[in-house]
Amino acid sequence: MAPRTVLITGCSSGIGLALAVRLARDKQRRFRVIATVRNVSRSGALVAAAGSALGRTLEVKQLDVCDEASIRACLDSIPGRHVDVLVSNAGVGMIGPLECQSLAAMQGLMDTNFFGLVRLVKEVLPDMKRRRSGHIVVISSVMGLQGIVFNDVYAASKFAVEGFCESLVVQALRFNVAISLVEPGPVTTEFEAKVYEEAERADYSQTDPETAAIFTDLYLRNSRDVFASLGQSPEDIAEHTLRVIEAARPPFRHQTNAAYTPMAALKHADPSGALMTEAFYKLVFKYGAVLRFGLRAIRLLRWKAQKVKAGARLLGFK
């Protein structure tokens, strides 16, 4: 069987890079990977990680999801414009008090996170429909299911992504085209690190002192514990995404972190939203110390589990 052509956006680092390399190094050589980056001059880490796969099972191309001409040029450079699997991964983040964020920055985020996906789908879906074959995989987020405090605009972009895909999936299935949403929780990447570094240096004079203190003293501190305790690596997400791609019947939604499943369940348990709102309020403002203690306990347990696995590997166990 000929290898499937997989086009992945946002491959200069993080999840995109990890997934591109994972697929390109597939032992069964089931994939031909087109790893795209907005700026080819920033593809050094990707090229290094690809190693011997570069030029064989992995090819680097330029693609900017905010530029229709760039997307079209990339697709036109592929023989027959044939893409079996599109992985929409490119994205940007934004955190902080709403009053401190400019509308221009918000529009830029939506242009990448939501309209970037729309541009890609508009370009690849007609060819997939004509062939009656294809798979569109979207790296979404648990924040497309549940908003998180101080992630207002980022969550809005992911809600838009989820609604777009949920509306499109039925039509796509008529043409034998699958759509899958991969929904990670916190992922430890350069993307996340940069967002939080910028947040720690930002000016919050445009909001009131109490809100600024809640963000800097509560949110940022708790977020560090959340990432340290529950964060997954880009390689973890790549493995989850691979399972979605190779599934005989790809799921529409796939959450990568079981710790966040109760959050989604709690939301659906109470359609009024009161249960979820009260739970989050208490976690942030009343039981913050308990939350941090629990997260640190989870981090310790995960560390011990990793040590046990490492020891088992040294002894020859899988």
# chains A, B, ... in the order shown; residues from 1 in each chain; ligands from 1

call {"tool": "residues_around", "arguments": {"residues": "A:Ile34", "least_positions_apart": "4", "cutoff": "10 Å", "atoms": "only C-alpha atoms", "output": "list in words"}}
result
Thr5, Val6, Leu7, Ile8, Thr9, Cys11, Ala20, Ala24, Thr57, Leu58, Glu59, Val60, Lys61, Gln62, Cys74, Ile78, Val83 and Leu86 of chain A

call {"tool": "write_last_selection", "arguments": {"atoms": "N, CA, C and O atoms", "output": "mmCIF file, in the first residue's frame"}}
result
data_model
loop_
_atom_site.group_PDB
_atom_site.id
_atom_site.type_symbol
_atom_site.label_atom_id
_atom_site.label_comp_id
_atom_site.auth_asym_id
_atom_site.auth_seq_id
_atom_site.Cartn_x
_atom_site.Cartn_y
_atom_site.Cartn_z
ATOM 1 N N THR A 5 -0.221 10.576 2.382
ATOM 2 C CA THR A 5 0.369 11.910 2.471
ATOM 3 C C THR A 5 -0.304 12.683 3.598
ATOM 4 O O THR A 5 -1.522 12.862 3.601
ATOM 5 N N VAL A 6 0.506 13.124 4.555
ATOM 6 C CA VAL A 6 0.006 13.843 5.725
ATOM 7 C C VAL A 6 0.609 15.243 5.727
ATOM 8 O O VAL A 6 1.834 15.396 5.791
ATOM 9 N N LEU A 7 -0.235 16.264 5.643
ATOM 10 C CA LEU A 7 0.220 17.650 5.704
ATOM 11 C C LEU A 7 -0.048 18.184 7.110
ATOM 12 O O LEU A 7 -1.184 18.133 7.588
ATOM 13 N N ILE A 8 0.992 18.681 7.768
ATOM 14 C CA ILE A 8 0.887 19.170 9.143
ATOM 15 C C ILE A 8 1.311 20.633 9.180
ATOM 16 O O ILE A 8 2.363 20.996 8.639
ATOM 17 N N THR A 9 0.533 21.481 9.830
ATOM 18 C CA THR A 9 0.907 22.891 9.973
ATOM 19 C C THR A 9 1.535 23.134 11.344
ATOM 20 O O THR A 9 1.328 22.372 12.287
ATOM 21 N N CYS A 11 4.944 23.278 12.354
ATOM 22 C CA CYS A 11 5.915 22.230 12.691
ATOM 23 C C CYS A 11 7.272 22.750 13.164
ATOM 24 O O CYS A 11 8.214 21.964 13.307
ATOM 25 N N ALA A 20 5.263 15.396 13.301
ATOM 26 C CA ALA A 20 5.896 15.221 11.991
ATOM 27 C C ALA A 20 7.008 14.187 12.061
ATOM 28 O O ALA A 20 7.110 13.290 11.210
ATOM 29 N N ALA A 24 7.079 10.458 10.340
ATOM 30 C CA ALA A 24 8.143 10.237 9.352
ATOM 31 C C ALA A 24 9.023 9.046 9.727
ATOM 32 O O ALA A 24 9.596 8.398 8.850
ATOM 33 N N THR A 57 11.047 10.454 3.994
ATOM 34 C CA THR A 57 9.638 10.367 4.402
ATOM 35 C C THR A 57 9.131 11.694 4.959
ATOM 36 O O THR A 57 7.973 11.790 5.349
ATOM 37 N N LEU A 58 9.982 12.701 4.988
ATOM 38 C CA LEU A 58 9.576 14.023 5.488
ATOM 39 C C LEU A 58 10.124 15.116 4.592
ATOM 40 O O LEU A 58 11.307 15.119 4.243
ATOM 41 N N GLU A 59 9.246 16.044 4.235
ATOM 42 C CA GLU A 59 9.611 17.188 3.418
ATOM 43 C C GLU A 59 9.131 18.455 4.114
ATOM 44 O O GLU A 59 8.016 18.502 4.632
ATOM 45 N N VAL A 60 9.975 19.480 4.144
ATOM 46 C CA VAL A 60 9.624 20.745 4.785
ATOM 47 C C VAL A 60 9.151 21.731 3.720
ATOM 48 O O VAL A 60 9.806 21.911 2.695
ATOM 49 N N LYS A 61 7.986 22.347 3.968
ATOM 50 C CA LYS A 61 7.456 23.346 3.041
ATOM 51 C C LYS A 61 6.985 24.570 3.819
ATOM 52 O O LYS A 61 6.659 24.487 5.002
ATOM 53 N N GLN A 62 6.935 25.694 3.121
ATOM 54 C CA GLN A 62 6.446 26.936 3.719
ATOM 55 C C GLN A 62 4.934 27.004 3.609
ATOM 56 O O GLN A 62 4.352 26.689 2.554
ATOM 57 N N CYS A 74 1.351 26.006 -1.423
ATOM 58 C CA CYS A 74 1.825 24.766 -0.805
ATOM 59 C C CYS A 74 1.072 23.570 -1.378
ATOM 60 O O CYS A 74 1.675 22.562 -1.759
ATOM 61 N N ILE A 78 2.187 20.018 -4.284
ATOM 62 C CA ILE A 78 2.033 18.596 -3.986
ATOM 63 C C ILE A 78 1.447 17.898 -5.205
ATOM 64 O O ILE A 78 0.445 18.360 -5.760
ATOM 65 N N VAL A 83 -3.728 15.181 -0.644
ATOM 66 C CA VAL A 83 -3.457 15.116 0.793
ATOM 67 C C VAL A 83 -4.453 14.130 1.403
ATOM 68 O O VAL A 83 -5.668 14.329 1.317
ATOM 69 N N LEU A 86 -4.958 15.917 6.679
ATOM 70 C CA LEU A 86 -4.551 17.275 7.052
ATOM 71 C C LEU A 86 -4.555 17.355 8.566
ATOM 72 O O LEU A 86 -5.552 17.007 9.209
#

call {"tool": "closest_residue", "arguments": {"among": "A:Leu98, A:Ala172, A:Ala105, A:Ala238", "to": "A:Asn151", "atoms": "only C-alpha atoms"}}
result
A:Leu98

call {"tool": "closest_atom_pairs", "arguments": {"of": "stretch 68-113 of chain A", "to": "stretch 195-210 of chain A", "cutoff": "7 Å", "atoms": "only C-alpha atoms", "output": "JSON lines"}}
result
{"residue": "A:Gly93", "atom": "CA", "partner": "A:Val195", "partner_atom": "CA", "distance": 6.3}
{"residue": "A:Met94", "atom": "CA", "partner": "A:Val195", "partner_atom": "CA", "distance": 6.6}
{"residue": "A:Gly96", "atom": "CA", "partner": "A:Ala199", "partner_atom": "CA", "distance": 6.9}
{"residue": "A:Glu99", "atom": "CA", "partner": "A:Thr207", "partner_atom": "CA", "distance": 5.7}
{"residue": "A:Cys100", "atom": "CA", "partner": "A:Gln206", "partner_atom": "CA", "distance": 5.6}

call {"tool": "write_last_selection", "arguments": {"atoms": "C-alpha atoms", "output": "mmCIF file, in the first residue's frame"}}
result
data_model
loop_
_atom_site.group_PDB
_atom_site.id
_atom_site.type_symbol
_atom_site.label_atom_id
_atom_site.label_comp_id
_atom_site.auth_asym_id
_atom_site.auth_seq_id
_atom_site.Cartn_x
_atom_site.Cartn_y
_atom_site.Cartn_z
ATOM 1 C CA GLY A 93 -1.990 31.715 22.788
ATOM 2 C CA MET A 94 -3.195 34.598 24.938
ATOM 3 C CA GLY A 96 -4.450 37.713 31.077
ATOM 4 C CA GLU A 99 -8.913 44.906 29.756
ATOM 5 C CA CYS A 100 -5.179 44.550 29.086
#

call {"tool": "residues_around", "arguments": {"residues": "A:Leu75", "least_positions_apart": "6", "cutoff": "9 Å", "atoms": "only C-alpha atoms", "output": "list in words"}}
result
Arg81, His82, Val83, Glu123 and Val124 of chain A

call {"tool": "residues_around", "arguments": {"residues": "A:Val226", "least_positions_apart": "4", "cutoff": "8 Å", "atoms": "only C-alpha atoms", "output": "ChimeraX atom specification"}}
result
/A:186,222,230-231,295

call {"tool": "write_last_selection", "arguments": {"atoms": "N, CA, C and O atoms", "output": "PDB file, in the first residue's frame"}}
result
ATOM      1  N   PRO A 186      -3.051  20.827  29.413  1.00  0.00           N
ATOM      2  CA  PRO A 186      -1.773  21.543  29.384  1.00  0.00           C
ATOM      3  C   PRO A 186      -0.670  20.717  28.721  1.00  0.00           C
ATOM      4  O   PRO A 186      -0.555  19.516  28.975  1.00  0.00           O
ATOM      5  N   ASN A 222      -0.900  29.070  40.234  1.00  0.00           N
ATOM      6  CA  ASN A 222      -1.605  27.799  40.067  1.00  0.00           C
ATOM      7  C   ASN A 222      -1.302  27.155  38.724  1.00  0.00           C
ATOM      8  O   ASN A 222      -1.202  25.923  38.626  1.00  0.00           O
ATOM      9  N   LEU A 230       0.194  18.079  35.692  1.00  0.00           N
ATOM     10  CA  LEU A 230      -0.701  17.451  34.728  1.00  0.00           C
ATOM     11  C   LEU A 230      -0.260  17.611  33.280  1.00  0.00           C
ATOM     12  O   LEU A 230      -0.857  17.022  32.384  1.00  0.00           O
ATOM     13  N   GLY A 231       0.789  18.411  33.053  1.00  0.00           N
ATOM     14  CA  GLY A 231       1.215  18.690  31.685  1.00  0.00           C
ATOM     15  C   GLY A 231       1.710  17.455  30.956  1.00  0.00           C
ATOM     16  O   GLY A 231       2.369  16.586  31.537  1.00  0.00           O
ATOM     17  N   LEU A 295      -2.196  18.988  43.421  1.00  0.00           N
ATOM     18  CA  LEU A 295      -1.380  18.961  42.208  1.00  0.00           C
ATOM     19  C   LEU A 295       0.045  18.505  42.493  1.00  0.00           C
ATOM     20  O   LEU A 295       0.640  17.753  41.716  1.00  0.00           O
TER      21      LEU A 295
END

call {"tool": "atom_distance", "arguments": {"atom1": "atom CA of A:Phe285", "atom2": "atom CA of A:Ser233"}}
result
29.0 Å

call {"tool": "residues_around", "arguments": {"residues": "A:Leu117", "least_positions_apart": "5", "cutoff": "9 Å", "atoms": "only C-alpha atoms", "output": "JSON, numbers by chain"}}
result
{"A": [65, 88, 89, 90, 111, 112, 122, 138, 161]}

call {"tool": "write_last_selection", "arguments": {"atoms": "C-alpha atoms", "output": "CSV table (one decimal), in the first residue's frame"}}
result
chain,number,residue,atom,x,y,z
A,65,VAL,CA,-2.3,29.7,7.7
A,88,SER,CA,-4.3,21.6,11.5
A,89,ASN,CA,-1.9,22.4,14.4
A,90,ALA,CA,-0.7,26.0,14.0
A,111,ASP,CA,-7.1,34.9,12.4
A,112,THR,CA,-4.6,32.1,13.2
A,122,LYS,CA,-11.6,25.4,2.3
A,138,VAL,CA,-7.6,19.4,14.3
A,161,VAL,CA,-13.0,25.6,16.2

call {"tool": "select_by_dssp", "arguments": {"residues": "stretch 183-262 of chain A", "states": "strand (DSSP E or B)", "output": "list in words"}}
result
Glu183, Val187, Gln232, Arg253, His254 and Gln255 of chain A

call {"tool": "select_by_dssp", "arguments": {"residues": "stretch 24-267 of chain A", "states": "helix (DSSP H, G or I)", "output": "PyMOL selection string"}}
result
chain A and resi 24+40-42+44-53+68-76+79-81+98-100+103-113+115-131+142-144+152-174+190-201+209-230+234-246+258-267

call {"tool": "atom_distance", "arguments": {"atom1": "atom CA of A:Leu109", "atom2": "atom CA of A:Thr36"}}
result
19.1 Å

call {"tool": "atom_distance", "arguments": {"atom1": "atom CA of A:Thr188", "atom2": "atom CA of A:Arg119"}}
result
27.4 Å

call {"tool": "residues_around", "arguments": {"residues": "A:Asp64", "least_positions_apart": "5", "cutoff": "7 Å", "atoms": "only C-alpha atoms", "output": "list in words"}}
result
Arg38, Ser70 and Ile71 of chain A

call {"tool": "closest_residue", "arguments": {"among": "A:Ala259, A:Ala193, A:Leu168, A:Ile95", "to": "A:Tyr219", "atoms": "only C-alpha atoms"}}
result
A:Ile95

call {"tool": "residues_around", "arguments": {"residues": "A:Gln28", "least_positions_apart": "2", "cutoff": "12 Å", "atoms": "only C-alpha atoms", "output": "PyMOL selection string"}}
result
chain A and resi 1-4+22-26+30-32+57
